[in-house]
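Undergrad: Just so it is clear, I am handing over structure-v8.cif, which has mmCIF, C-alpha atoms and all ligand atoms.
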data_run
loop_
_atom_site.group_PDB
_atom_site.id
_atom_site.type_symbol
_atom_site.label_atom_id
_atom_site.label_comp_id
_atom_site.auth_asym_id
_atom_site.auth_seq_id
_atom_site.Cartn_x
_atom_site.Cartn_y
_atom_site.Cartn_z
ATOM 1 C CA MET A 27 0.000 0.000 0.000
ATOM 2 C CA THR A 28 1.414 3.340 -0.969
ATOM 3 C CA ILE A 29 0.789 6.346 1.195
ATOM 4 C CA ASN A 30 1.307 9.651 -0.517
ATOM 5 C CA PRO A 31 1.296 12.657 1.745
ATOM 6 C CA LEU A 32 -0.446 15.502 0.032
ATOM 7 C CA ARG A 33 -0.393 18.951 1.509
ATOM 8 C CA HIS A 34 -3.142 20.922 -0.140
ATOM 9 C CA LEU A 35 -2.672 24.507 0.871
ATOM 10 C CA GLN A 36 -5.062 25.647 -1.797
ATOM 11 C CA SER A 37 -7.850 25.371 0.697
ATOM 12 C CA THR A 38 -8.197 27.652 3.667
ATOM 13 C CA PHE A 39 -9.094 24.431 5.455
ATOM 14 C CA PHE A 40 -5.576 23.208 5.796
ATOM 15 C CA VAL A 41 -5.376 19.485 5.822
ATOM 16 C CA VAL A 42 -2.386 17.244 5.496
ATOM 17 C CA CYS A 43 -3.804 14.422 3.558
ATOM 18 C CA ALA A 44 -2.617 11.203 2.076
ATOM 19 C CA LEU A 45 -4.087 9.292 -0.777
ATOM 20 C CA ALA A 46 -4.036 5.567 -1.072
ATOM 21 C CA CYS A 47 -3.876 3.956 -4.445
ATOM 22 C CA SER A 48 -4.675 0.471 -3.272
ATOM 23 C CA THR A 49 -7.461 -1.728 -4.500
ATOM 24 C CA PRO A 50 -10.765 -0.755 -2.945
ATOM 25 C CA ALA A 51 -11.869 -2.822 0.001
ATOM 26 C CA ALA A 52 -15.420 -2.967 -1.195
ATOM 27 C CA THR A 53 -17.016 -2.456 -4.535
ATOM 28 C CA THR A 54 -20.570 -1.369 -4.399
ATOM 29 C CA ASN A 55 -23.340 -2.035 -6.795
ATOM 30 C CA ALA A 56 -24.850 1.392 -6.787
ATOM 31 C CA GLY A 57 -27.431 2.235 -9.303
ATOM 32 C CA ALA A 58 -29.287 -1.007 -8.757
ATOM 33 C CA THR A 59 -32.576 0.735 -8.328
ATOM 34 C CA ALA A 60 -34.394 -0.280 -5.202
ATOM 35 C CA ALA A 61 -38.145 -0.398 -4.996
ATOM 36 C CA SER A 62 -38.178 1.808 -1.945
ATOM 37 C CA PRO A 63 -35.613 3.855 -0.052
ATOM 38 C CA THR A 64 -37.045 2.653 3.253
ATOM 39 C CA LEU A 65 -34.472 1.123 5.543
ATOM 40 C CA PRO A 66 -34.961 -2.529 6.483
ATOM 41 C CA PRO A 67 -36.267 -2.552 10.097
ATOM 42 C CA THR A 68 -33.360 -4.738 11.231
ATOM 43 C CA LEU A 69 -30.983 -1.853 10.559
ATOM 44 C CA LEU A 70 -32.801 0.227 13.138
ATOM 45 C CA LEU A 71 -32.088 -2.143 15.999
ATOM 46 C CA THR A 72 -29.622 -1.042 18.659
ATOM 47 C CA ASN A 73 -27.367 -3.950 17.701
ATOM 48 C CA ALA A 74 -27.659 -3.546 13.913
ATOM 49 C CA SER A 75 -24.761 -5.184 12.165
ATOM 50 C CA ARG A 76 -22.248 -3.035 10.347
ATOM 51 C CA ALA A 77 -22.017 -5.622 7.569
ATOM 52 C CA ALA A 78 -25.793 -5.566 7.101
ATOM 53 C CA ILE A 79 -25.762 -1.761 6.854
ATOM 54 C CA ALA A 80 -22.993 -1.955 4.250
ATOM 55 C CA ALA A 81 -24.812 -4.674 2.323
ATOM 56 C CA TRP A 82 -28.038 -2.668 2.153
ATOM 57 C CA CYS A 83 -26.229 0.518 1.123
ATOM 58 C CA ALA A 84 -24.412 -1.359 -1.633
ATOM 59 C CA THR A 85 -27.728 -2.093 -3.354
ATOM 60 C CA GLN A 86 -28.937 1.502 -3.203
ATOM 61 C CA PRO A 87 -28.232 4.638 -5.218
ATOM 62 C CA ALA A 88 -26.881 7.497 -3.123
ATOM 63 C CA SER A 89 -30.196 9.344 -3.462
ATOM 64 C CA ASN A 90 -32.053 6.449 -1.819
ATOM 65 C CA ILE A 91 -29.617 6.314 1.086
ATOM 66 C CA ASN A 92 -29.987 10.073 1.515
ATOM 67 C CA ALA A 93 -33.786 9.833 1.459
ATOM 68 C CA ALA A 94 -33.933 6.848 3.820
ATOM 69 C CA LEU A 95 -31.618 8.492 6.317
ATOM 70 C CA HIS A 96 -33.437 11.785 6.315
ATOM 71 C CA ALA A 97 -36.786 10.087 6.809
ATOM 72 C CA LEU A 98 -35.523 8.935 10.221
ATOM 73 C CA THR A 99 -35.883 10.863 13.449
ATOM 74 C CA PRO A 100 -32.600 12.368 14.731
ATOM 75 C CA PRO A 101 -32.288 9.724 17.513
ATOM 76 C CA GLN A 102 -32.822 6.924 14.949
ATOM 77 C CA ARG A 103 -30.213 8.459 12.667
ATOM 78 C CA GLN A 104 -27.794 8.772 15.553
ATOM 79 C CA GLN A 105 -28.274 5.126 16.462
ATOM 80 C CA LEU A 106 -27.782 3.967 12.877
ATOM 81 C CA VAL A 107 -24.605 6.011 12.425
ATOM 82 C CA SER A 108 -23.272 4.731 15.756
ATOM 83 C CA CYS A 109 -23.845 1.144 14.622
ATOM 84 C CA ALA A 110 -22.105 1.814 11.288
ATOM 85 C CA LEU A 111 -19.015 3.494 12.738
ATOM 86 C CA ASP A 112 -15.912 1.496 13.534
ATOM 87 C CA THR A 113 -13.226 3.550 15.169
ATOM 88 C CA THR A 114 -10.041 2.980 17.119
ATOM 89 C CA VAL A 115 -9.885 6.458 18.633
ATOM 90 C CA THR A 116 -9.896 6.629 22.417
ATOM 91 C CA PRO A 117 -13.248 6.359 24.231
ATOM 92 C CA ALA A 118 -12.989 10.060 25.100
ATOM 93 C CA GLU A 119 -12.447 10.958 21.426
ATOM 94 C CA LYS A 120 -15.154 8.634 20.186
ATOM 95 C CA GLN A 121 -17.885 11.020 21.232
ATOM 96 C CA GLN A 122 -16.523 13.888 19.156
ATOM 97 C CA VAL A 123 -15.849 11.613 16.154
ATOM 98 C CA THR A 124 -19.437 10.327 16.348
ATOM 99 C CA GLU A 125 -20.751 13.864 16.677
ATOM 100 C CA ALA A 126 -18.760 15.011 13.631
ATOM 101 C CA ALA A 127 -19.810 11.930 11.639
ATOM 102 C CA LEU A 128 -23.447 12.709 12.429
ATOM 103 C CA MET A 129 -22.988 16.286 11.253
ATOM 104 C CA VAL A 130 -21.813 14.866 7.908
ATOM 105 C CA THR A 131 -24.881 12.682 7.419
ATOM 106 C CA ASP A 132 -27.178 15.450 8.684
ATOM 107 C CA SER A 133 -26.363 17.226 5.426
ATOM 108 C CA PRO A 134 -29.186 16.327 3.005
ATOM 109 C CA ASP A 135 -26.611 15.515 0.287
ATOM 110 C CA LEU A 136 -24.336 13.347 2.382
ATOM 111 C CA GLY A 137 -26.543 10.634 3.848
ATOM 112 C CA PHE A 138 -24.745 8.253 1.489
ATOM 113 C CA TYR A 139 -21.690 8.527 3.752
ATOM 114 C CA LEU A 140 -23.458 5.876 5.843
ATOM 115 C CA GLU A 141 -21.986 3.336 3.432
ATOM 116 C CA LEU A 142 -18.519 4.792 3.923
ATOM 117 C CA TYR A 143 -18.895 4.553 7.692
ATOM 118 C CA ALA A 144 -19.926 0.917 7.375
ATOM 119 C CA THR A 145 -16.943 0.020 5.154
ATOM 120 C CA THR A 146 -14.132 2.230 6.467
ATOM 121 C CA GLN A 147 -12.437 2.211 9.837
ATOM 122 C CA ILE A 148 -11.637 5.569 11.428
ATOM 123 C CA ARG A 149 -8.264 5.363 13.169
ATOM 124 C CA ARG A 150 -5.986 7.762 14.994
ATOM 125 C CA HIS A 151 -2.249 8.228 14.740
ATOM 126 C CA ALA A 152 0.226 10.242 16.762
ATOM 127 C CA ALA A 153 1.092 13.414 14.859
ATOM 128 C CA PRO A 154 0.729 17.133 15.527
ATOM 129 C CA SER A 155 -1.762 17.642 12.694
ATOM 130 C CA GLY A 156 -3.294 16.158 9.578
ATOM 131 C CA ALA A 157 -5.197 13.113 8.440
ATOM 132 C CA TYR A 158 -5.009 10.567 5.645
ATOM 133 C CA ALA A 159 -6.982 7.982 3.727
ATOM 134 C CA ALA A 160 -5.545 4.569 2.926
ATOM 135 C CA GLY A 161 -7.365 1.581 1.460
ATOM 136 C CA ASP A 162 -9.974 0.509 4.000
ATOM 137 C CA HIS A 163 -9.381 3.203 6.624
ATOM 138 C CA ILE A 164 -8.861 6.848 7.300
ATOM 139 C CA SER A 165 -6.717 8.138 10.131
ATOM 140 C CA LEU A 166 -6.995 11.335 12.151
ATOM 141 C CA SER A 167 -3.974 12.773 13.917
ATOM 142 C CA SER A 168 -3.903 13.022 17.700
ATOM 143 C CA GLY A 169 -3.132 16.746 17.324
ATOM 144 C CA MET A 170 -6.302 17.315 15.349
ATOM 145 C CA LEU A 171 -8.395 15.335 17.819
ATOM 146 C CA ASP A 172 -6.847 17.231 20.739
ATOM 147 C CA LYS A 173 -8.127 20.519 19.338
ATOM 148 C CA LYS A 174 -11.727 19.326 19.712
ATOM 149 C CA ASP A 175 -12.886 21.446 16.784
ATOM 150 C CA THR A 176 -15.960 19.590 15.569
ATOM 151 C CA ILE A 177 -16.289 21.594 12.353
ATOM 152 C CA VAL A 178 -12.683 20.857 11.340
ATOM 153 C CA LEU A 179 -13.276 17.226 12.228
ATOM 154 C CA ARG A 180 -16.499 17.155 10.176
ATOM 155 C CA ASN A 181 -14.730 18.664 7.143
ATOM 156 C CA THR A 182 -11.764 16.316 7.510
ATOM 157 C CA ILE A 183 -13.916 13.195 7.810
ATOM 158 C CA THR A 184 -15.911 14.357 4.776
ATOM 159 C CA HIS A 185 -12.707 14.958 2.833
ATOM 160 C CA GLU A 186 -10.805 11.798 3.696
ATOM 161 C CA LEU A 187 -13.811 9.518 3.267
ATOM 162 C CA PHE A 188 -14.384 10.963 -0.181
ATOM 163 C CA HIS A 189 -10.970 9.627 -1.187
ATOM 164 C CA ILE A 190 -12.286 6.228 -0.090
ATOM 165 C CA PHE A 191 -15.458 6.857 -2.105
ATOM 166 C CA ASN A 192 -13.385 7.678 -5.196
ATOM 167 C CA SER A 193 -11.498 4.436 -4.736
ATOM 168 C CA GLN A 194 -14.537 2.253 -4.049
ATOM 169 C CA GLN A 195 -16.517 3.698 -6.944
ATOM 170 C CA HIS A 196 -13.627 3.749 -9.423
ATOM 171 C CA ALA A 197 -13.941 7.500 -9.808
ATOM 172 C CA ALA A 198 -11.052 10.036 -9.835
ATOM 173 C CA PRO A 199 -7.994 7.857 -9.216
ATOM 174 C CA GLY A 200 -4.686 8.000 -7.308
ATOM 175 C CA ILE A 201 -2.635 11.141 -6.984
ATOM 176 C CA SER A 202 -4.591 13.420 -9.246
ATOM 177 C CA GLY A 203 -6.113 16.859 -9.458
ATOM 178 C CA LEU A 204 -9.652 15.527 -9.451
ATOM 179 C CA ASN A 205 -9.190 13.061 -6.587
ATOM 180 C CA GLU A 206 -8.063 15.931 -4.398
ATOM 181 C CA GLY A 207 -10.377 18.493 -5.996
ATOM 182 C CA THR A 208 -13.542 16.433 -5.554
ATOM 183 C CA ALA A 209 -12.628 15.568 -1.948
ATOM 184 C CA ILE A 210 -12.331 19.301 -1.159
ATOM 185 C CA TRP A 211 -15.292 20.421 -3.248
ATOM 186 C CA ILE A 212 -17.634 17.875 -1.633
ATOM 187 C CA PHE A 213 -17.490 19.672 1.716
ATOM 188 C CA LYS A 214 -17.363 23.162 0.268
ATOM 189 C CA CYS A 215 -20.580 22.550 -1.646
ATOM 190 C CA ALA A 216 -22.327 20.558 1.097
ATOM 191 C CA TYR A 217 -21.906 22.890 4.072
ATOM 192 C CA SER A 218 -23.342 26.376 4.029
ATOM 193 C CA ASP A 219 -21.425 27.476 7.142
ATOM 194 C CA LEU A 220 -18.112 27.667 5.290
ATOM 195 C CA PRO A 221 -16.755 30.984 3.988
ATOM 196 C CA ARG A 222 -18.365 31.689 0.616
ATOM 197 C CA GLY A 223 -15.197 33.310 -0.727
ATOM 198 C CA GLU A 224 -13.955 30.095 -2.270
ATOM 199 C CA TYR A 225 -17.333 28.647 -3.121
ATOM 200 C CA ASP A 226 -17.609 30.574 -6.372
ATOM 201 C CA LEU A 227 -14.322 29.093 -7.623
ATOM 202 C CA GLY A 228 -16.035 25.724 -7.423
ATOM 203 C CA LEU A 229 -14.294 22.540 -8.323
ATOM 204 C CA ALA A 230 -11.784 24.376 -10.514
ATOM 205 C CA GLU A 231 -9.624 25.898 -7.776
ATOM 206 C CA PRO A 232 -9.017 22.766 -5.677
ATOM 207 C CA THR A 233 -8.501 20.616 -8.785
ATOM 208 C CA PHE A 234 -6.165 22.823 -10.796
ATOM 209 C CA GLY A 235 -4.622 24.238 -7.623
ATOM 210 C CA THR A 236 -3.566 20.728 -6.623
ATOM 211 C CA ILE A 237 -1.888 20.139 -9.993
ATOM 212 C CA ASN A 238 -0.045 23.467 -9.770
ATOM 213 C CA PHE A 239 0.875 22.828 -6.141
ATOM 214 C CA TYR A 240 2.736 19.643 -7.062
ATOM 215 C CA ARG A 241 4.348 21.386 -10.041
ATOM 216 C CA ASP A 242 5.367 24.683 -8.413
ATOM 217 C CA ILE A 243 5.875 23.816 -4.748
ATOM 218 C CA GLY A 244 6.112 20.065 -4.796
ATOM 219 C CA ILE A 245 6.279 17.384 -2.176
ATOM 220 C CA LYS A 246 9.585 15.635 -1.594
ATOM 221 C CA GLY A 247 9.613 12.201 -3.150
ATOM 222 C CA TYR A 248 6.513 12.778 -5.261
ATOM 223 C CA PRO A 249 6.121 13.614 -8.925
ATOM 224 C CA LYS A 250 6.040 17.177 -10.177
ATOM 225 C CA ASN A 251 3.500 16.362 -12.830
ATOM 226 C CA ILE A 252 0.348 14.668 -11.645
ATOM 227 C CA ASP A 253 -2.628 13.471 -13.656
ATOM 228 C CA MET A 254 -5.904 15.294 -14.064
ATOM 229 C CA GLY A 255 -7.654 12.137 -12.815
ATOM 230 C CA ILE A 256 -10.565 11.935 -15.263
ATOM 231 C CA PRO A 257 -12.756 8.965 -14.210
ATOM 232 C CA THR A 258 -12.627 6.117 -16.673
ATOM 233 C CA LYS A 259 -15.522 4.096 -18.057
ATOM 234 C CA ASP A 260 -15.128 1.850 -14.989
ATOM 235 C CA ILE A 261 -16.749 4.405 -12.706
ATOM 236 C CA THR A 262 -19.728 2.788 -10.962
ATOM 237 C CA PRO A 263 -23.285 4.097 -11.374
ATOM 238 C CA LYS A 264 -23.135 5.388 -7.789
ATOM 239 C CA GLY A 265 -19.878 7.205 -8.502
ATOM 240 C CA ARG A 266 -21.354 8.825 -11.589
ATOM 241 C CA GLU A 267 -24.536 9.687 -9.682
ATOM 242 C CA VAL A 268 -22.671 11.562 -6.936
ATOM 243 C CA TYR A 269 -20.443 13.311 -9.458
ATOM 244 C CA GLU A 270 -23.334 14.427 -11.631
ATOM 245 C CA THR A 271 -26.023 15.221 -9.068
ATOM 246 C CA ILE A 272 -23.864 16.822 -6.394
ATOM 247 C CA LEU A 273 -20.343 17.767 -7.467
ATOM 248 C CA MET A 274 -21.140 18.909 -11.001
ATOM 249 C CA ALA A 275 -24.673 20.149 -10.324
ATOM 250 C CA ARG A 276 -23.355 22.569 -7.681
ATOM 251 C CA ASP A 277 -20.162 23.575 -9.434
ATOM 252 C CA PRO A 278 -19.997 27.274 -10.399
ATOM 253 C CA SER A 279 -17.013 26.351 -12.617
ATOM 254 C CA HIS A 280 -19.187 23.974 -14.664
ATOM 255 C CA LEU A 281 -16.165 21.733 -15.172
ATOM 256 C CA PRO A 282 -16.815 18.994 -17.753
ATOM 257 C CA ILE A 283 -15.318 16.306 -15.492
ATOM 258 C CA PHE A 284 -15.844 13.396 -17.869
ATOM 259 C CA ASP A 285 -14.409 15.114 -20.949
ATOM 260 C CA ALA A 286 -10.639 14.650 -20.755
ATOM 261 C CA GLN A 287 -9.901 16.759 -23.812
ATOM 262 C CA ALA A 288 -12.012 19.708 -22.684
ATOM 263 C CA MET A 289 -10.635 19.545 -19.136
ATOM 264 C CA GLN A 290 -7.069 19.597 -20.420
ATOM 265 C CA ALA A 291 -7.811 22.486 -22.765
ATOM 266 C CA ILE A 292 -9.383 24.539 -19.969
ATOM 267 C CA TYR A 293 -6.484 23.850 -17.637
ATOM 268 C CA THR A 294 -3.795 24.562 -20.229
ATOM 269 C CA TYR A 295 -5.281 27.828 -21.443
ATOM 270 C CA TYR A 296 -6.556 29.438 -18.236
ATOM 271 C CA PHE A 297 -4.892 27.914 -15.187
ATOM 272 C CA ALA A 298 -1.590 26.256 -16.069
ATOM 273 C CA PRO A 299 0.118 29.665 -16.507
ATOM 274 C CA ILE A 300 -0.581 30.654 -12.871
ATOM 275 C CA ASP A 301 2.248 30.150 -10.410
ATOM 276 C CA ARG A 302 0.994 28.352 -7.300
ATOM 277 C CA ASN A 303 4.147 29.243 -5.392
ATOM 278 C CA GLN A 304 2.952 32.627 -4.170
ATOM 279 C CA ALA A 305 0.987 33.915 -1.199
ATOM 280 C CA PHE A 306 -2.368 32.177 -1.018
ATOM 281 C CA ASP A 307 -4.397 35.394 -1.282
ATOM 282 C CA LYS A 308 -2.460 36.403 -4.410
ATOM 283 C CA TRP A 309 -2.963 32.959 -5.863
ATOM 284 C CA LEU A 310 -6.694 33.219 -5.225
ATOM 285 C CA ARG A 311 -6.887 36.686 -6.759
ATOM 286 C CA THR A 312 -5.099 35.606 -9.926
ATOM 287 C CA PHE A 313 -7.079 32.402 -10.105
ATOM 288 C CA ARG A 314 -10.325 34.333 -9.721
ATOM 289 C CA GLN A 315 -9.474 36.528 -12.721
ATOM 290 C CA ALA A 316 -8.690 33.507 -14.896
ATOM 291 C CA HIS A 317 -11.841 31.786 -13.668
ATOM 292 C CA ALA A 318 -13.996 34.786 -14.630
ATOM 293 C CA ARG A 319 -12.335 34.880 -18.071
ATOM 294 C CA MET A 320 -13.073 31.178 -18.540
ATOM 295 C CA LEU A 321 -16.744 31.622 -17.640
ATOM 296 C CA ARG A 322 -17.081 34.658 -19.939
ATOM 297 C CA ASP A 323 -15.465 32.864 -22.859
ATOM 298 C CA ARG A 324 -17.574 29.753 -22.404
ATOM 299 C CA ALA A 325 -20.783 31.784 -22.103
ATOM 300 C CA ALA A 326 -19.907 33.645 -25.297
ATOM 301 C CA THR A 327 -19.314 30.468 -27.272
ATOM 302 C CA SER A 328 -22.140 28.324 -25.898
ATOM 303 C CA PRO A 329 -25.269 27.921 -28.069
ATOM 304 C CA GLN A 330 -27.954 30.514 -27.341
HETATM 305 ZN ZN ZN A 401 -6.958 14.837 0.288
#
Please rewrite the model in this file as C-alpha cells.
TA:
Amino acid sequence: MTINPLRHLQSTFFVVCALACSTPAATTNAGATAASPTLPPTLLLTNASRAAIAAWCATQPASNINAALHALTPPQRQQLVSCALDTTVTPAEKQQVTEAALMVTDSPDLGFYLELYATTQIRRHAAPSGAYAAGDHISLSSGMLDKKDTIVLRNTITHELFHIFNSQQHAAPGISGLNEGTAIWIFKCAYSDLPRGEYDLGLAEPTFGTINFYRDIGIKGYPKNIDMGIPTKDITPKGREVYETILMARDPSHLPIFDAQAMQAIYTYYFAPIDRNQAFDKWLRTFRQAHARMLRDRAATSPQ
C-alpha cells in the first residue's frame, strides 16, 4: 500500500492528507434501483450489524440512502450512524468523532456517507496535525483530535472519506487533481457554514490548484507532474450519480469532469500559466481573474 502525503494549501481548510492507491476494500453495486428507499427494520435495531448496513447501502443509489436516512428521526439516525461506525480512537475521542460523523450525514446531500462509515475504519495516529486515507481506513492525527474542533473534524472526515469513495466507486484515481479536488469540493458545496469566498471558484480551484501545487511547490519524493484524474468508463453508477447530481450540479465552474480533452484544454489555457508558489491570497486573486475569463469565454461560445 502506498501512502502519498499531500499537503493541499489551496484550501483555507488546511489538511495534510494522504491518498491511497490500493485496491478498494469494497465495490458497491450502486445504481441497482431499489423499490423503496425505506431502511430494512433490522438496521434500526440497537445492535444492527455493520455488515448488514454496508450490504443494504451497496444495493442503493446514493439518493435512496440520503432519502432513507433523512426520513428517520434524529435519535434513529444517531443510532444507525453509531452502529455503522468502527473507530479505534480513544473512548474520550469517540464522542466527538461520532458527533462530527453525524454532522456529515445530517447534510441532506451526504446521507450516502453511511456506506462509507460501514466500510471504512476511522483510526488515529500520533502526529501534531493532519489526516489521511488509505485503502480501508482513514486516520486522524492526535493533534487534530486534541483541538476538539468539531467543524474541522467534520470537514476532515468528509474529505478523507471521499478519497475512499473515489477508490470504491472507481472515480477520480490516485494522486490526481480531481481526486483531491472532488474531496475538497464535496465539503465546500455541502456545508453552508463555510466561507463563501472560495465557493464561487467551485471545483476548478481545488482541482487545478492541486496540480499546480505539485508542479510549483512540490512534495519531496513525489512527482512534479500529476494526472488530471478523469474517471474512466469503470466508474460505478453510484460514482457517476454523486459526481453528476452533487459535485457537477453545484459547481460554479461547470467543469466537464468526464471530458478529458475539454478539461485539459481549460487547464492549459486558463490555469496552467498561474504560479501556485505565491501567497495564497495572491494565488486566489489571480485564479479568480482567470476563472472569470473562462466563464465569460464559455458563455460567449455556448449555443444561445
Ligand atoms: Zn486529500
Undergrad: Near Leu98 (chain A), counting all atoms listed in the file, which residues have an atom at most 12 Å away, once you skip same-chain residues fewer than 2 positions from it, shown as JSON, numbers by chain?
TA: {"A": [63, 64, 65, 67, 69, 70, 91, 92, 93, 94, 95, 96, 100, 101, 102, 103, 104, 105, 106, 107, 131, 132, 137]}
Undergrad: Using the chain letters and residue numbers of this document, give as a PyMOL selection string the residues selected by the PyMOL selection byres (((chain A and resi 278) around 8) and not hetatm).
TA: chain A and resi 225-229+276-277+279-280
Undergrad: Give me, as a count of residues only, all polymer residues having an atom no more than 6 Å from region 208-215 of chain A, counting all atoms listed in the file and skipping those fewer than 3 positions away in the same chain.
TA: 5
Undergrad: Rank nothing, just name the residue among A:Leu187, A:Ile243, A:Ala305, A:Ala275 nearest to ligand ZN 401 (chain A), using all atoms listed in the file.
TA: A:Leu187
Undergrad: Report the residues retrieved by the PyMOL selection byres (((chain A and resi 112) around 9) and not hetatm) from the displayed file, expressed as a VMD selection string.
TA: chain A and resid 76 108 to 111 113 to 114 143 to 149
Undergrad: With the file shown as input, list the residues that the PyMOL selection byres (((chain A and resi 240) around 9) and not hetatm) selects, as a list in words.
TA: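 The output of the PyMOL selection byres (((chain A and resi 240) around 9) and not hetatm) on this file is Leu32, Gly235, Thr236, Ile237, Asn238, Phe239, Arg241, Asp242, Ile243, Gly244, Ile245, Tyr248, Pro249, Lys250, Asn251, Ile252 and Arg302 of chain A.
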Undergrad: Pick from A:Thr85, A:Ser202, A:Ser168, A:Gln194: nearest to ligand ZN 401 (chain A), with only C-alpha atoms and all ligand atoms counted?
TA: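 Among the listed residues, A:Ser202 lies closest to ligand ZN 401 (chain A).
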Undergrad: At what distance in Å, to one decimal, does CA of Asp219 (chain A) lie from CA of Met274 (chain A)?
TA: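 So the answer is 20.1 Å.
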Undergrad: Point out the residue among A:Gly156, A:Gly247, A:Pro134, A:Gly255 with the least atom-to-atom distance to ligand ZN 401 (chain A), counting only C-alpha atoms and all ligand atoms.
TA: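 Result for the nearest residue to ligand ZN 401 (chain A): A:Gly156.
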Undergrad: Would you compute the distance between CA of Ala88 (chain A) and CA of Leu140 (chain A)? Give it in Å to one decimal.
TA: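 That distance, rounded to one decimal, is 9.7 Å.
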Undergrad: Between A:Val123, A:Ala198, A:Pro232, A:Gln290, which is the closest to Thr182 (chain A) once you count all atoms listed in the file?
TA: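 Of all the options, A:Val123 lies closest to Thr182 (chain A).
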Undergrad: Could you tell me which of A:Asn181, A:Asn303, A:Thr99, A:Ser167 comes closest to ligand ZN 401 (chain A) if we count only C-alpha atoms and all ligand atoms?
TA: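 Looking only at the distances to ligand ZN 401 (chain A), the closest residue turns out to be A:Asn181.
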Undergrad: Please, could N, CA and C atoms be added to region 62-79 of chain A and the result written as a PDB file, in the frame of the given file?
TA:
ATOM      1  N   SER A  62     -37.848   0.784  -2.924  1.00  0.00           N
ATOM      2  CA  SER A  62     -38.178   1.808  -1.945  1.00  0.00           C
ATOM      3  C   SER A  62     -36.926   2.182  -1.179  1.00  0.00           C
ATOM      4  N   PRO A  63     -36.790   3.467  -0.826  1.00  0.00           N
ATOM      5  CA  PRO A  63     -35.613   3.855  -0.052  1.00  0.00           C
ATOM      6  C   PRO A  63     -35.762   3.571   1.427  1.00  0.00           C
ATOM      7  N   THR A  64     -36.836   2.904   1.829  1.00  0.00           N
ATOM      8  CA  THR A  64     -37.045   2.653   3.253  1.00  0.00           C
ATOM      9  C   THR A  64     -36.001   1.685   3.782  1.00  0.00           C
ATOM     10  N   LEU A  65     -35.473   2.006   4.930  1.00  0.00           N
ATOM     11  CA  LEU A  65     -34.472   1.123   5.543  1.00  0.00           C
ATOM     12  C   LEU A  65     -35.113  -0.168   6.034  1.00  0.00           C
ATOM     13  N   PRO A  66     -34.453  -1.299   5.867  1.00  0.00           N
ATOM     14  CA  PRO A  66     -34.961  -2.529   6.483  1.00  0.00           C
ATOM     15  C   PRO A  66     -35.026  -2.339   8.005  1.00  0.00           C
ATOM     16  N   PRO A  67     -36.109  -2.774   8.637  1.00  0.00           N
ATOM     17  CA  PRO A  67     -36.267  -2.552  10.097  1.00  0.00           C
ATOM     18  C   PRO A  67     -35.103  -3.094  10.920  1.00  0.00           C
ATOM     19  N   THR A  68     -34.461  -4.157  10.444  1.00  0.00           N
ATOM     20  CA  THR A  68     -33.360  -4.738  11.231  1.00  0.00           C
ATOM     21  C   THR A  68     -32.195  -3.761  11.392  1.00  0.00           C
ATOM     22  N   LEU A  69     -32.090  -2.815  10.460  1.00  0.00           N
ATOM     23  CA  LEU A  69     -30.983  -1.853  10.559  1.00  0.00           C
ATOM     24  C   LEU A  69     -31.256  -0.785  11.615  1.00  0.00           C
ATOM     25  N   LEU A  70     -32.468  -0.780  12.124  1.00  0.00           N
ATOM     26  CA  LEU A  70     -32.801   0.227  13.138  1.00  0.00           C
ATOM     27  C   LEU A  70     -32.716  -0.333  14.554  1.00  0.00           C
ATOM     28  N   LEU A  71     -32.258  -1.557  14.672  1.00  0.00           N
ATOM     29  CA  LEU A  71     -32.088  -2.143  15.999  1.00  0.00           C
ATOM     30  C   LEU A  71     -30.820  -1.587  16.644  1.00  0.00           C
ATOM     31  N   THR A  72     -30.795  -1.602  17.963  1.00  0.00           N
ATOM     32  CA  THR A  72     -29.622  -1.042  18.659  1.00  0.00           C
ATOM     33  C   THR A  72     -28.360  -1.847  18.378  1.00  0.00           C
ATOM     34  N   ASN A  73     -28.545  -3.122  18.002  1.00  0.00           N
ATOM     35  CA  ASN A  73     -27.367  -3.950  17.701  1.00  0.00           C
ATOM     36  C   ASN A  73     -27.266  -4.256  16.210  1.00  0.00           C
ATOM     37  N   ALA A  74     -27.718  -3.321  15.371  1.00  0.00           N
ATOM     38  CA  ALA A  74     -27.659  -3.546  13.913  1.00  0.00           C
ATOM     39  C   ALA A  74     -26.232  -3.836  13.480  1.00  0.00           C
ATOM     40  N   SER A  75     -26.107  -4.792  12.572  1.00  0.00           N
ATOM     41  CA  SER A  75     -24.761  -5.184  12.165  1.00  0.00           C
ATOM     42  C   SER A  75     -24.210  -4.228  11.106  1.00  0.00           C
ATOM     43  N   ARG A  76     -22.943  -3.914  11.276  1.00  0.00           N
ATOM     44  CA  ARG A  76     -22.248  -3.035  10.347  1.00  0.00           C
ATOM     45  C   ARG A  76     -22.271  -3.633   8.938  1.00  0.00           C
ATOM     46  N   ALA A  77     -22.047  -4.934   8.877  1.00  0.00           N
ATOM     47  CA  ALA A  77     -22.017  -5.622   7.569  1.00  0.00           C
ATOM     48  C   ALA A  77     -23.384  -5.535   6.894  1.00  0.00           C
ATOM     49  N   ALA A  78     -24.442  -5.637   7.689  1.00  0.00           N
ATOM     50  CA  ALA A  78     -25.793  -5.566   7.101  1.00  0.00           C
ATOM     51  C   ALA A  78     -26.072  -4.155   6.581  1.00  0.00           C
ATOM     52  N   ILE A  79     -25.589  -3.157   7.318  1.00  0.00           N
ATOM     53  CA  ILE A  79     -25.762  -1.761   6.854  1.00  0.00           C
ATOM     54  C   ILE A  79     -25.022  -1.576   5.530  1.00  0.00           C
TER      55      ILE A  79
END
